[in-house]
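Worksheet for the structure shown next.
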Amino acid sequence: MEAQFLQIVQMLQGFFGPVWPLVYTLLKIVGIILPLLLCVAYLTLAERKVIGAMQVRLGPNVVGPWGLLQPIADGLKLVFKEIIVPTQASKGIYFVGPALAFATALAAWAVVPFSEGWVLANVDAGVLYILAITSVGIYSIIIAGWASNSKYPFFAAMRSASQMVSYEIAMGFALVCVLMVSASLNLSDIVHVQGKGRFVDMGLGFLSWNWLPLLPMFLVFLISGIAETNRAPFDVVEGESEIVAGHMVEYSGMAFALFFLGEYSAMILVSVMTTIFFLGGWLSPVGFLPDSFVWLAAKTSFVLFLFLWFRATFPRYRYDQIMRLGWKIFVPLCMFWVLVVGIWMMSPLNIWK
Amino acid sequence: MIMLENYFPVLVFVLVGIVFGCAPIVLGWLVGPRRPYAEKNSAYECGFEAFEDARMKFDVRYYLIAIIFILFDLEIAFLFPWASIFKEIVSSESMKMFGFIEMLVFLGILLLGFIFAWAKGALDWE
Amino acid sequence: MDLKTAIFYFLATILVLASVRVITARNPVHAVLFLVLAFFTASGLWLLLQAEFLAISLVMVYVGAVMVLFLFVVMMLDINIARLRQGFWTYLPLGAAIGLLMLAEMALVLGGRYFWLEAMPEPAAPAAGYSNTKELGRLLFTDYVYPFELASVILLVAIIAAVMLTRRIRADKIHQNPREQIAVQRNDRIRIISMPSEKE
């Protein structure tokens, strides 16, 4: 099997010659993006099914067996819809918004490690790269709000920009704690550090992951992640009762679909990040099972389920409460916890040798 | 050079991401119908004509949040290198206290600013 | 031409074009967006110089934070192009002087060899396991401790200035206190009393 694979690779290498590294990289990228798109499609279905079940409804069940073809039908419908460009909109920039929303949500995946050695770009500053790319994502909303030249999108853009910016601080601080204990900005190294410790030797790997010693930061990161992706209960950006669909009001057809895809791939990204930083990535929770990609997928699905669960459970926050939570609770808590971790690591009780 | 090779896929990925961002719009433009009329292309409002330009002035608070964000973002940018060598700092006897206290001073000074902003109501939202 | 040079020219072309558009774009929002593009490509150039941490910080701080503020400001201003034009000739001498000064500085830097500046040796190739961020951390927290602490003081001054400049005193402030709202207990809001049932 392996030999055959190598043979095929060599054959292709001979065929493409000097451009082979580029072609190989492109192949790998497609290998990441296509499954990701599939996940996004079925996440939308899962969301409707899960929330349906929580509200004692059936959810989509007509298109295909158990509604499994529903996302494909939705996608096809959106393709054949007219893309409306409002008269008063700034024509050129109008399309930059949705394109950027999806492009940034995809670009961050370049550095995500899926399993031991399964990483497209094993860069040294992976954490920084992810933070930088997510901060660029704010532009898609600001641009969409401004270019639409309509009141609802504009208000949504202002709200959203301030909200995302506030929670980025909390996220950054939570990551500082993770960096302190793992001494590396490389995502694979962060996972490796979580696979060491007393509990791992006892065969109870899941107790040595970062979520336990950094529990407050884990919660801060998870909640900030939800706020960062503008998901319920922090979805004032598109609070139907207040500002209709927020920055997406004027968009239709595929332009709208791009925002949608961007939002869901960002959700999956945040879940994978939570898994890598706090839940041990692809590490197996118990000693007698091998580490594998399956664990990463399972943990990510669990975090995604939390996203859906929160949406079904909590009522929408008020905007002043959101800002208060971000600035007046998370920021002081994070600063305090940086101090706690610092003192902990200086003391003889240090568990991250 | 080791590092640059790692970043080459990132560059390609960013370019592919941009292509994937633009492709659906082009597709929708080609496949979808185009039957515009004045009503359809007008801005979304509650059923009447828009009163004024949508690009209005807004509360100064949003600027303030943006400014404070810049400062804290910089702070985090400073914290990252420190956090990534903290293990080294802890393991060396001579640097241990010094490395910790200098960051304590840094955070302490910024905490003053944070408390000031808080006390002045810059973080309130009424 | 190897790949690295090709990428350099690719990024540099975008950077130059974007920078030109920053000063020629009529619409200030477009100008800011081109500036964002310029920062982005500049960070790519820094990466080529192997300044990994700085390159990504450039995106995080400048693109992610500073330019958001710029956009906020520019998007909301009623910029009257005609009025801006009026000031053109009065500010021209000052602008030209600053432009010339910058040109001279650039010439000094780029032609450093001809102005008694010793050429810097090529930096040694990094060893395996070299981390740009960690190296920066080591330097920053040993040799450059005072500039580092000074940076925090500057940030403090900036916070105070920002708060004071945008502070508005409003007498009619309607204020909600979320802390009180969250701390509300059931007994504060409802009172259960037992009442005997009455007959008409």
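As shown in the structure tokens, the chain order sets the letters A, B, ...; within each chain, residues go from 1, and ligands are also counted from 1 in the order they appear.
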Enumerate as a PyMOL selection string the residues belonging to chain B that approach chain A to within 6 Å, with only C-alpha atoms taken into account. chain B and resi 6+9-10+13-14+17-18+21-22+24-25+28+31-34+41-43+54+83-86+90+125
Can you write just those residues out, N, CA and C atoms, as a PDB file, in the first residue's frame?
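result-v7.pdb, freshly written:
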```
ATOM      1  N   ASN B   6       8.861  26.378   5.296  1.00  0.00           N
ATOM      2  CA  ASN B   6       7.617  26.143   6.022  1.00  0.00           C
ATOM      3  C   ASN B   6       6.539  27.136   5.635  1.00  0.00           C
ATOM      4  N   PRO B   9       3.959  26.910   1.849  1.00  0.00           N
ATOM      5  CA  PRO B   9       2.567  26.429   1.770  1.00  0.00           C
ATOM      6  C   PRO B   9       1.560  27.437   2.313  1.00  0.00           C
ATOM      7  N   VAL B  10       1.983  28.239   3.298  1.00  0.00           N
ATOM      8  CA  VAL B  10       1.055  29.232   3.854  1.00  0.00           C
ATOM      9  C   VAL B  10       0.693  30.245   2.785  1.00  0.00           C
ATOM     10  N   PHE B  13      -1.566  28.686   0.383  1.00  0.00           N
ATOM     11  CA  PHE B  13      -2.884  28.498   0.985  1.00  0.00           C
ATOM     12  C   PHE B  13      -3.677  29.803   0.983  1.00  0.00           C
ATOM     13  N   VAL B  14      -2.993  30.909   1.311  1.00  0.00           N
ATOM     14  CA  VAL B  14      -3.677  32.207   1.319  1.00  0.00           C
ATOM     15  C   VAL B  14      -4.200  32.518  -0.085  1.00  0.00           C
ATOM     16  N   GLY B  17      -7.089  30.353  -0.797  1.00  0.00           N
ATOM     17  CA  GLY B  17      -8.228  30.848  -0.030  1.00  0.00           C
ATOM     18  C   GLY B  17      -8.910  32.001  -0.747  1.00  0.00           C
ATOM     19  N   ILE B  18      -8.108  32.913  -1.309  1.00  0.00           N
ATOM     20  CA  ILE B  18      -8.685  34.055  -2.025  1.00  0.00           C
ATOM     21  C   ILE B  18      -9.455  33.564  -3.252  1.00  0.00           C
ATOM     22  N   GLY B  21     -12.592  32.202  -2.211  1.00  0.00           N
ATOM     23  CA  GLY B  21     -13.502  33.252  -1.783  1.00  0.00           C
ATOM     24  C   GLY B  21     -14.185  33.926  -2.958  1.00  0.00           C
ATOM     25  N   CYS B  22     -13.470  34.035  -4.078  1.00  0.00           N
ATOM     26  CA  CYS B  22     -14.033  34.757  -5.229  1.00  0.00           C
ATOM     27  C   CYS B  22     -14.850  33.836  -6.136  1.00  0.00           C
ATOM     28  N   PRO B  24     -17.137  31.403  -5.806  1.00  0.00           N
ATOM     29  CA  PRO B  24     -18.595  31.280  -5.694  1.00  0.00           C
ATOM     30  C   PRO B  24     -19.330  32.510  -6.217  1.00  0.00           C
ATOM     31  N   ILE B  25     -18.742  33.701  -6.012  1.00  0.00           N
ATOM     32  CA  ILE B  25     -19.426  34.909  -6.484  1.00  0.00           C
ATOM     33  C   ILE B  25     -19.495  34.886  -8.007  1.00  0.00           C
ATOM     34  N   GLY B  28     -22.058  32.306  -9.008  1.00  0.00           N
ATOM     35  CA  GLY B  28     -23.413  32.805  -8.808  1.00  0.00           C
ATOM     36  C   GLY B  28     -23.775  33.851  -9.851  1.00  0.00           C
ATOM     37  N   VAL B  31     -24.410  31.830 -13.169  1.00  0.00           N
ATOM     38  CA  VAL B  31     -25.527  30.892 -13.203  1.00  0.00           C
ATOM     39  C   VAL B  31     -26.841  31.552 -12.811  1.00  0.00           C
ATOM     40  N   GLY B  32     -26.760  32.479 -11.858  1.00  0.00           N
ATOM     41  CA  GLY B  32     -27.981  33.057 -11.330  1.00  0.00           C
ATOM     42  C   GLY B  32     -28.658  33.996 -12.322  1.00  0.00           C
ATOM     43  N   PRO B  33     -29.924  34.257 -12.133  1.00  0.00           N
ATOM     44  CA  PRO B  33     -30.636  35.203 -13.001  1.00  0.00           C
ATOM     45  C   PRO B  33     -30.253  36.631 -12.643  1.00  0.00           C
ATOM     46  N   ARG B  34     -30.562  37.558 -13.528  1.00  0.00           N
ATOM     47  CA  ARG B  34     -30.307  38.963 -13.227  1.00  0.00           C
ATOM     48  C   ARG B  34     -31.499  39.770 -13.721  1.00  0.00           C
ATOM     49  N   ASN B  41     -33.467  46.777  -5.860  1.00  0.00           N
ATOM     50  CA  ASN B  41     -32.115  47.256  -5.612  1.00  0.00           C
ATOM     51  C   ASN B  41     -32.027  48.376  -4.585  1.00  0.00           C
ATOM     52  N   SER B  42     -33.148  48.718  -3.960  1.00  0.00           N
ATOM     53  CA  SER B  42     -33.069  49.786  -2.967  1.00  0.00           C
ATOM     54  C   SER B  42     -32.620  49.197  -1.639  1.00  0.00           C
ATOM     55  N   ALA B  43     -32.138  50.096  -0.771  1.00  0.00           N
ATOM     56  CA  ALA B  43     -31.627  49.634   0.519  1.00  0.00           C
ATOM     57  C   ALA B  43     -32.756  49.058   1.357  1.00  0.00           C
ATOM     58  N   ALA B  54     -26.827  56.474   5.068  1.00  0.00           N
ATOM     59  CA  ALA B  54     -26.626  55.467   6.107  1.00  0.00           C
ATOM     60  C   ALA B  54     -25.294  55.661   6.814  1.00  0.00           C
ATOM     61  N   ALA B  83       6.207  34.679  27.266  1.00  0.00           N
ATOM     62  CA  ALA B  83       5.570  33.420  27.652  1.00  0.00           C
ATOM     63  C   ALA B  83       6.303  32.241  27.030  1.00  0.00           C
ATOM     64  N   SER B  84       6.797  32.417  25.792  1.00  0.00           N
ATOM     65  CA  SER B  84       7.404  31.254  25.140  1.00  0.00           C
ATOM     66  C   SER B  84       8.787  30.943  25.698  1.00  0.00           C
ATOM     67  N   ILE B  85       9.420  31.887  26.420  1.00  0.00           N
ATOM     68  CA  ILE B  85      10.701  31.526  27.049  1.00  0.00           C
ATOM     69  C   ILE B  85      10.561  31.402  28.562  1.00  0.00           C
ATOM     70  N   PHE B  86       9.330  31.417  29.066  1.00  0.00           N
ATOM     71  CA  PHE B  86       9.157  31.411  30.515  1.00  0.00           C
ATOM     72  C   PHE B  86       9.731  30.155  31.160  1.00  0.00           C
ATOM     73  N   VAL B  90      12.351  30.049  34.209  1.00  0.00           N
ATOM     74  CA  VAL B  90      12.118  29.336  35.460  1.00  0.00           C
ATOM     75  C   VAL B  90      13.258  28.363  35.753  1.00  0.00           C
ATOM     76  N   TRP B 125     -21.043  50.874  29.257  1.00  0.00           N
ATOM     77  CA  TRP B 125     -21.856  50.892  28.052  1.00  0.00           C
ATOM     78  C   TRP B 125     -23.274  51.158  28.500  1.00  0.00           C
TER      79      TRP B 125
END
```
Could you give me, as a tab-separated table, a per-residue list for chain C showing, wherever an atom lies at most 12 Å from an atom of chain A, the closest pair of atoms and their distance in Å to one decimal, using only C-alpha atoms and sorting by chain then residue number from low to high?
```
residue	atom	partner	partner_atom	distance
C:Asp2	CA	A:Pro18	CA	11.5
C:Leu3	CA	A:Val19	CA	10.6
C:Asn27	CA	A:Ser90	CA	10.5
C:Val29	CA	A:Trp146	CA	9.3
C:His30	CA	A:Ile93	CA	8.3
C:Ala31	CA	A:Ile93	CA	11.9
C:Val32	CA	A:Ile143	CA	11.2
C:Leu33	CA	A:Ile143	CA	9.2
C:Phe34	CA	A:Ile93	CA	11.4
C:Val36	CA	A:Val136	CA	9.6
C:Leu37	CA	A:Val136	CA	10.9
C:Phe39	CA	A:Val136	CA	11.6
C:Phe40	CA	A:Val136	CA	9.9
C:Ser43	CA	A:Ala132	CA	11.2
C:Leu47	CA	A:Ala125	CA	11.5
C:Gln50	CA	A:Asp124	CA	11.4
C:Ala51	CA	A:Ala125	CA	10.9
C:Glu52	CA	A:Ala125	CA	7.3
C:Phe53	CA	A:Ala125	CA	6.9
C:Leu54	CA	A:Leu128	CA	10.2
C:Ala55	CA	A:Tyr129	CA	9.6
C:Ile56	CA	A:Tyr129	CA	6.2
C:Ser57	CA	A:Ala132	CA	7.3
C:Leu58	CA	A:Ala132	CA	8.6
C:Val59	CA	A:Ala132	CA	5.8
C:Met60	CA	A:Ala132	CA	4.3
C:Val61	CA	A:Ala132	CA	8.0
C:Tyr62	CA	A:Ala132	CA	9.8
C:Val63	CA	A:Val136	CA	6.7
C:Gly64	CA	A:Ser135	CA	4.8
C:Ala65	CA	A:Ser135	CA	7.8
C:Val66	CA	A:Ser135	CA	11.1
C:Met67	CA	A:Tyr139	CA	9.4
C:Val68	CA	A:Tyr139	CA	7.6
C:Leu69	CA	A:Ala161	CA	9.9
C:Phe70	CA	A:Ile142	CA	11.8
C:Leu71	CA	A:Ile142	CA	8.4
C:Phe72	CA	A:Met158	CA	8.2
C:Val73	CA	A:Met158	CA	11.5
C:Val74	CA	A:Trp146	CA	11.0
C:Met75	CA	A:Trp146	CA	7.5
C:Met76	CA	A:Trp146	CA	9.6
C:Ala128	CA	A:Asp124	CA	11.9
C:Gly129	CA	A:Asp124	CA	9.3
C:Tyr130	CA	A:Asp124	CA	9.0
C:Ser131	CA	A:Asp124	CA	6.7
C:Asn132	CA	A:Asp124	CA	8.0
C:Thr133	CA	A:Ala125	CA	7.4
C:Lys134	CA	A:Ser184	CA	8.2
C:Glu135	CA	A:Ser184	CA	11.8
C:Gly137	CA	A:Ala183	CA	11.4
C:His175	CA	A:Asp320	CA	10.4
C:Gln176	CA	A:Asp320	CA	8.7
C:Asn177	CA	A:Gln321	CA	9.3
C:Pro178	CA	A:Gln321	CA	6.4
C:Arg179	CA	A:Gln321	CA	9.1
C:Glu180	CA	A:Gln321	CA	11.7
C:Gln181	CA	A:Gln321	CA	10.0
C:Ile182	CA	A:Gln321	CA	9.7
```
List every residue of chain B that has an atom at most 9 Å from any atom of chain C, giving for each one its closest atom pair and the distance in Å to one decimal, counting only C-alpha atoms, sorted by chain and then by ascending residue number, as JSON lines.
```
{"residue": "B:Met1", "atom": "CA", "partner": "C:Gln50", "partner_atom": "CA", "distance": 8.1}
{"residue": "B:Ile2", "atom": "CA", "partner": "C:Ala128", "partner_atom": "CA", "distance": 8.4}
{"residue": "B:Met3", "atom": "CA", "partner": "C:Gln50", "partner_atom": "CA", "distance": 7.1}
{"residue": "B:Leu4", "atom": "CA", "partner": "C:Leu48", "partner_atom": "CA", "distance": 6.8}
{"residue": "B:Tyr7", "atom": "CA", "partner": "C:Leu47", "partner_atom": "CA", "distance": 8.3}
{"residue": "B:Leu11", "atom": "CA", "partner": "C:Gly44", "partner_atom": "CA", "distance": 8.6}
{"residue": "B:Arg55", "atom": "CA", "partner": "C:Met76", "partner_atom": "CA", "distance": 6.4}
{"residue": "B:Met56", "atom": "CA", "partner": "C:Met76", "partner_atom": "CA", "distance": 6.1}
{"residue": "B:Lys57", "atom": "CA", "partner": "C:Met76", "partner_atom": "CA", "distance": 5.3}
{"residue": "B:Phe58", "atom": "CA", "partner": "C:Met76", "partner_atom": "CA", "distance": 7.3}
{"residue": "B:Val60", "atom": "CA", "partner": "C:Thr166", "partner_atom": "CA", "distance": 6.7}
{"residue": "B:Arg61", "atom": "CA", "partner": "C:Thr166", "partner_atom": "CA", "distance": 7.6}
{"residue": "B:Tyr62", "atom": "CA", "partner": "C:Phe72", "partner_atom": "CA", "distance": 8.1}
{"residue": "B:Tyr63", "atom": "CA", "partner": "C:Leu69", "partner_atom": "CA", "distance": 6.6}
{"residue": "B:Leu64", "atom": "CA", "partner": "C:Thr166", "partner_atom": "CA", "distance": 6.8}
{"residue": "B:Ala66", "atom": "CA", "partner": "C:Leu69", "partner_atom": "CA", "distance": 5.6}
{"residue": "B:Ile67", "atom": "CA", "partner": "C:Leu69", "partner_atom": "CA", "distance": 6.8}
{"residue": "B:Ile68", "atom": "CA", "partner": "C:Ile159", "partner_atom": "CA", "distance": 6.5}
{"residue": "B:Phe69", "atom": "CA", "partner": "C:Ala65", "partner_atom": "CA", "distance": 6.9}
{"residue": "B:Ile70", "atom": "CA", "partner": "C:Ala65", "partner_atom": "CA", "distance": 5.2}
{"residue": "B:Leu71", "atom": "CA", "partner": "C:Leu155", "partner_atom": "CA", "distance": 6.2}
{"residue": "B:Phe72", "atom": "CA", "partner": "C:Leu155", "partner_atom": "CA", "distance": 8.7}
{"residue": "B:Asp73", "atom": "CA", "partner": "C:Val61", "partner_atom": "CA", "distance": 6.4}
{"residue": "B:Leu74", "atom": "CA", "partner": "C:Val61", "partner_atom": "CA", "distance": 6.5}
{"residue": "B:Glu75", "atom": "CA", "partner": "C:Ser152", "partner_atom": "CA", "distance": 7.9}
{"residue": "B:Ala77", "atom": "CA", "partner": "C:Ser57", "partner_atom": "CA", "distance": 6.7}
{"residue": "B:Phe78", "atom": "CA", "partner": "C:Phe148", "partner_atom": "CA", "distance": 8.6}
{"residue": "B:Phe80", "atom": "CA", "partner": "C:Thr133", "partner_atom": "CA", "distance": 8.0}
{"residue": "B:Pro81", "atom": "CA", "partner": "C:Gly137", "partner_atom": "CA", "distance": 4.5}
{"residue": "B:Trp82", "atom": "CA", "partner": "C:Gly137", "partner_atom": "CA", "distance": 5.4}
{"residue": "B:Ala83", "atom": "CA", "partner": "C:Gly137", "partner_atom": "CA", "distance": 8.5}
{"residue": "B:Ser84", "atom": "CA", "partner": "C:Lys134", "partner_atom": "CA", "distance": 6.2}
{"residue": "B:Ile85", "atom": "CA", "partner": "C:Lys134", "partner_atom": "CA", "distance": 5.8}
{"residue": "B:Met95", "atom": "CA", "partner": "C:Thr142", "partner_atom": "CA", "distance": 8.9}
{"residue": "B:Gly99", "atom": "CA", "partner": "C:Phe141", "partner_atom": "CA", "distance": 6.9}
{"residue": "B:Glu102", "atom": "CA", "partner": "C:Val145", "partner_atom": "CA", "distance": 7.6}
{"residue": "B:Met103", "atom": "CA", "partner": "C:Glu149", "partner_atom": "CA", "distance": 8.5}
{"residue": "B:Val105", "atom": "CA", "partner": "C:Glu149", "partner_atom": "CA", "distance": 7.4}
{"residue": "B:Phe106", "atom": "CA", "partner": "C:Ser152", "partner_atom": "CA", "distance": 5.7}
{"residue": "B:Leu107", "atom": "CA", "partner": "C:Ser152", "partner_atom": "CA", "distance": 7.9}
{"residue": "B:Ile109", "atom": "CA", "partner": "C:Ser152", "partner_atom": "CA", "distance": 6.3}
{"residue": "B:Leu110", "atom": "CA", "partner": "C:Leu156", "partner_atom": "CA", "distance": 5.8}
{"residue": "B:Leu111", "atom": "CA", "partner": "C:Leu156", "partner_atom": "CA", "distance": 8.6}
{"residue": "B:Leu112", "atom": "CA", "partner": "C:Leu156", "partner_atom": "CA", "distance": 7.4}
{"residue": "B:Gly113", "atom": "CA", "partner": "C:Leu156", "partner_atom": "CA", "distance": 5.2}
{"residue": "B:Phe114", "atom": "CA", "partner": "C:Ile159", "partner_atom": "CA", "distance": 7.7}
{"residue": "B:Phe116", "atom": "CA", "partner": "C:Ile160", "partner_atom": "CA", "distance": 7.1}
{"residue": "B:Ala117", "atom": "CA", "partner": "C:Val163", "partner_atom": "CA", "distance": 6.2}
{"residue": "B:Lys120", "atom": "CA", "partner": "C:Val163", "partner_atom": "CA", "distance": 7.4}
{"residue": "B:Gly121", "atom": "CA", "partner": "C:Arg167", "partner_atom": "CA", "distance": 8.4}
{"residue": "B:Ala122", "atom": "CA", "partner": "C:Val163", "partner_atom": "CA", "distance": 6.4}
{"residue": "B:Asp124", "atom": "CA", "partner": "C:His175", "partner_atom": "CA", "distance": 8.8}
{"residue": "B:Trp125", "atom": "CA", "partner": "C:His175", "partner_atom": "CA", "distance": 7.9}
{"residue": "B:Glu126", "atom": "CA", "partner": "C:His175", "partner_atom": "CA", "distance": 4.9}
```
Can you write just those residues out, N, CA and C atoms, as a short mmCIF file (atom, residue, chain, number, x, y, z; two decimals), in the first residue's frame?
```
data_model
loop_
_atom_site.label_atom_id
_atom_site.label_comp_id
_atom_site.auth_asym_id
_atom_site.auth_seq_id
_atom_site.Cartn_x
_atom_site.Cartn_y
_atom_site.Cartn_z
N MET B 1 16.85 29.24 6.10
CA MET B 1 16.04 28.77 4.97
C MET B 1 15.01 27.73 5.40
N ILE B 2 15.30 27.09 6.53
CA ILE B 2 14.37 26.07 7.02
C ILE B 2 12.99 26.69 7.21
N MET B 3 13.02 27.92 7.76
CA MET B 3 11.77 28.57 8.09
C MET B 3 10.97 28.93 6.84
N LEU B 4 11.68 29.45 5.82
CA LEU B 4 10.97 29.92 4.63
C LEU B 4 10.25 28.78 3.93
N TYR B 7 6.97 28.35 5.28
CA TYR B 7 5.97 29.37 5.01
C TYR B 7 5.46 29.36 3.58
N LEU B 11 1.71 30.70 2.06
CA LEU B 11 1.47 31.67 0.98
C LEU B 11 0.52 31.08 -0.06
N ARG B 55 -24.35 56.30 6.15
CA ARG B 55 -23.02 56.42 6.77
C ARG B 55 -23.00 57.61 7.71
N MET B 56 -23.54 57.41 8.88
CA MET B 56 -23.68 58.52 9.81
C MET B 56 -22.57 58.47 10.85
N LYS B 57 -22.53 59.55 11.62
CA LYS B 57 -21.56 59.57 12.72
C LYS B 57 -22.10 58.69 13.83
N PHE B 58 -21.21 58.07 14.55
CA PHE B 58 -21.70 57.23 15.63
C PHE B 58 -20.94 57.51 16.92
N VAL B 60 -18.80 57.89 20.13
CA VAL B 60 -17.34 57.94 20.27
C VAL B 60 -16.82 56.72 21.02
N ARG B 61 -17.71 56.06 21.71
CA ARG B 61 -17.30 54.90 22.50
C ARG B 61 -16.67 53.81 21.64
N TYR B 62 -17.16 53.67 20.42
CA TYR B 62 -16.60 52.64 19.55
C TYR B 62 -15.14 52.93 19.23
N TYR B 63 -14.83 54.23 19.04
CA TYR B 63 -13.42 54.59 18.80
C TYR B 63 -12.59 54.24 20.01
N LEU B 64 -13.16 54.56 21.18
CA LEU B 64 -12.42 54.35 22.41
C LEU B 64 -12.09 52.87 22.58
N ALA B 66 -11.76 50.74 20.25
CA ALA B 66 -10.74 50.39 19.26
C ALA B 66 -9.36 50.81 19.73
N ILE B 67 -9.28 52.01 20.34
CA ILE B 67 -7.96 52.49 20.80
C ILE B 67 -7.46 51.60 21.92
N ILE B 68 -8.32 51.33 22.90
CA ILE B 68 -7.88 50.50 24.03
C ILE B 68 -7.49 49.11 23.53
N PHE B 69 -8.20 48.64 22.51
CA PHE B 69 -7.86 47.33 21.94
C PHE B 69 -6.45 47.34 21.37
N ILE B 70 -6.09 48.40 20.64
CA ILE B 70 -4.74 48.47 20.06
C ILE B 70 -3.71 48.31 21.17
N LEU B 71 -3.94 49.04 22.28
CA LEU B 71 -2.95 49.03 23.35
C LEU B 71 -2.83 47.64 23.96
N PHE B 72 -3.97 46.98 24.16
CA PHE B 72 -3.90 45.65 24.76
C PHE B 72 -3.35 44.62 23.79
N ASP B 73 -3.62 44.83 22.51
CA ASP B 73 -3.08 43.93 21.50
C ASP B 73 -1.55 44.00 21.50
N LEU B 74 -1.04 45.23 21.64
CA LEU B 74 0.41 45.40 21.72
C LEU B 74 0.95 44.71 22.95
N GLU B 75 0.20 44.84 24.03
CA GLU B 75 0.63 44.20 25.28
C GLU B 75 0.75 42.70 25.08
N ALA B 77 1.22 41.19 22.27
CA ALA B 77 2.36 40.94 21.39
C ALA B 77 3.66 40.92 22.18
N PHE B 78 3.74 41.75 23.24
CA PHE B 78 4.92 41.73 24.10
C PHE B 78 4.94 40.49 24.98
N PHE B 80 3.80 37.48 24.33
CA PHE B 80 4.05 36.22 23.64
C PHE B 80 5.50 35.75 23.71
N PRO B 81 6.48 36.60 23.36
CA PRO B 81 7.87 36.12 23.46
C PRO B 81 8.24 35.77 24.89
N TRP B 82 7.73 36.57 25.83
CA TRP B 82 8.04 36.28 27.23
C TRP B 82 7.48 34.92 27.63
N ALA B 83 6.21 34.68 27.27
CA ALA B 83 5.57 33.42 27.65
C ALA B 83 6.30 32.24 27.03
N SER B 84 6.80 32.42 25.79
CA SER B 84 7.40 31.25 25.14
C SER B 84 8.79 30.94 25.70
N ILE B 85 9.42 31.89 26.42
CA ILE B 85 10.70 31.53 27.05
C ILE B 85 10.56 31.40 28.56
N MET B 95 18.17 33.83 36.45
CA MET B 95 17.18 34.65 35.77
C MET B 95 15.80 34.59 36.42
N GLY B 99 13.32 37.57 35.64
CA GLY B 99 12.43 37.39 34.50
C GLY B 99 10.97 37.52 34.89
N GLU B 102 10.22 41.42 36.05
CA GLU B 102 10.15 42.44 35.00
C GLU B 102 8.80 42.38 34.29
N MET B 103 8.27 41.16 34.13
CA MET B 103 6.94 41.08 33.52
C MET B 103 5.87 41.58 34.48
N VAL B 105 6.24 44.00 36.57
CA VAL B 105 6.28 45.46 36.48
C VAL B 105 5.52 45.91 35.23
N PHE B 106 5.80 45.22 34.11
CA PHE B 106 5.15 45.56 32.84
C PHE B 106 3.63 45.46 32.97
N LEU B 107 3.18 44.32 33.50
CA LEU B 107 1.73 44.12 33.65
C LEU B 107 1.16 45.10 34.66
N ILE B 109 2.14 48.16 35.37
CA ILE B 109 1.97 49.51 34.79
C ILE B 109 0.73 49.54 33.90
N LEU B 110 0.54 48.46 33.13
CA LEU B 110 -0.62 48.45 32.24
C LEU B 110 -1.91 48.27 33.02
N LEU B 111 -1.81 47.56 34.15
CA LEU B 111 -2.99 47.40 34.99
C LEU B 111 -3.46 48.75 35.50
N LEU B 112 -2.48 49.64 35.80
CA LEU B 112 -2.82 50.99 36.21
C LEU B 112 -3.69 51.66 35.15
N GLY B 113 -3.24 51.54 33.90
CA GLY B 113 -4.00 52.13 32.80
C GLY B 113 -5.38 51.54 32.69
N PHE B 114 -5.45 50.23 32.88
CA PHE B 114 -6.74 49.54 32.79
C PHE B 114 -7.67 50.03 33.88
N PHE B 116 -7.51 52.85 35.42
CA PHE B 116 -7.86 54.24 35.11
C PHE B 116 -9.02 54.30 34.13
N ALA B 117 -8.90 53.48 33.05
CA ALA B 117 -9.96 53.47 32.04
C ALA B 117 -11.28 53.01 32.65
N LYS B 120 -12.76 55.73 34.94
CA LYS B 120 -13.30 56.86 34.18
C LYS B 120 -14.53 56.45 33.38
N GLY B 121 -14.91 55.20 33.47
CA GLY B 121 -16.13 54.77 32.78
C GLY B 121 -15.93 54.51 31.30
N ALA B 122 -14.66 54.34 30.87
CA ALA B 122 -14.43 54.10 29.45
C ALA B 122 -14.93 52.73 29.01
N ASP B 124 -17.67 51.38 30.33
CA ASP B 124 -19.12 51.27 30.56
C ASP B 124 -19.87 51.39 29.25
N TRP B 125 -21.04 50.87 29.26
CA TRP B 125 -21.86 50.89 28.05
C TRP B 125 -23.27 51.16 28.50
N GLU B 126 -23.75 52.38 28.26
CA GLU B 126 -25.08 52.62 28.82
C GLU B 126 -26.19 52.50 27.78
#
```
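Once range 200-204 of chain A and its same-chain neighbours fewer than 3 positions away are set aside, A:Gly195, A:Lys196, A:Gly197, A:Leu207, A:Ser208, A:Pro285, A:Val286, A:Gly287 remain within 7 Å of it when counting only C-alpha atoms.
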Calculate how many Å separate CA of Tyr144 in chain C from CA of Ile101 in chain B, rounding to one decimal.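 Rounded to one decimal, the two atoms are 14.7 Å apart.
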8 Å contact set for range 57-67 of chain A, only C-alpha atoms, chain neighbours under 6 positions out, as a short mmCIF file (atom, residue, chain, number, x, y, z; two decimals) with C-alpha atoms, in the first residue's frame:
```cif
data_model
loop_
_atom_site.label_atom_id
_atom_site.label_comp_id
_atom_site.auth_asym_id
_atom_site.auth_seq_id
_atom_site.Cartn_x
_atom_site.Cartn_y
_atom_site.Cartn_z
CA LEU A 45 -27.47 20.00 8.89
CA ARG A 48 -30.69 22.01 12.50
CA LYS A 49 -31.02 18.41 13.62
CA VAL A 50 -29.54 18.99 17.08
CA ILE A 51 -31.54 22.12 17.77
CA ALA A 73 -30.07 21.18 -1.93
#
```
Kindly indicate which residue among A:Thr275, A:Ala266, A:Ala174, A:Arg316 lies nearest to Val237 in chain A, using only C-alpha atoms for the distances.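 Closest candidate: A:Arg316.
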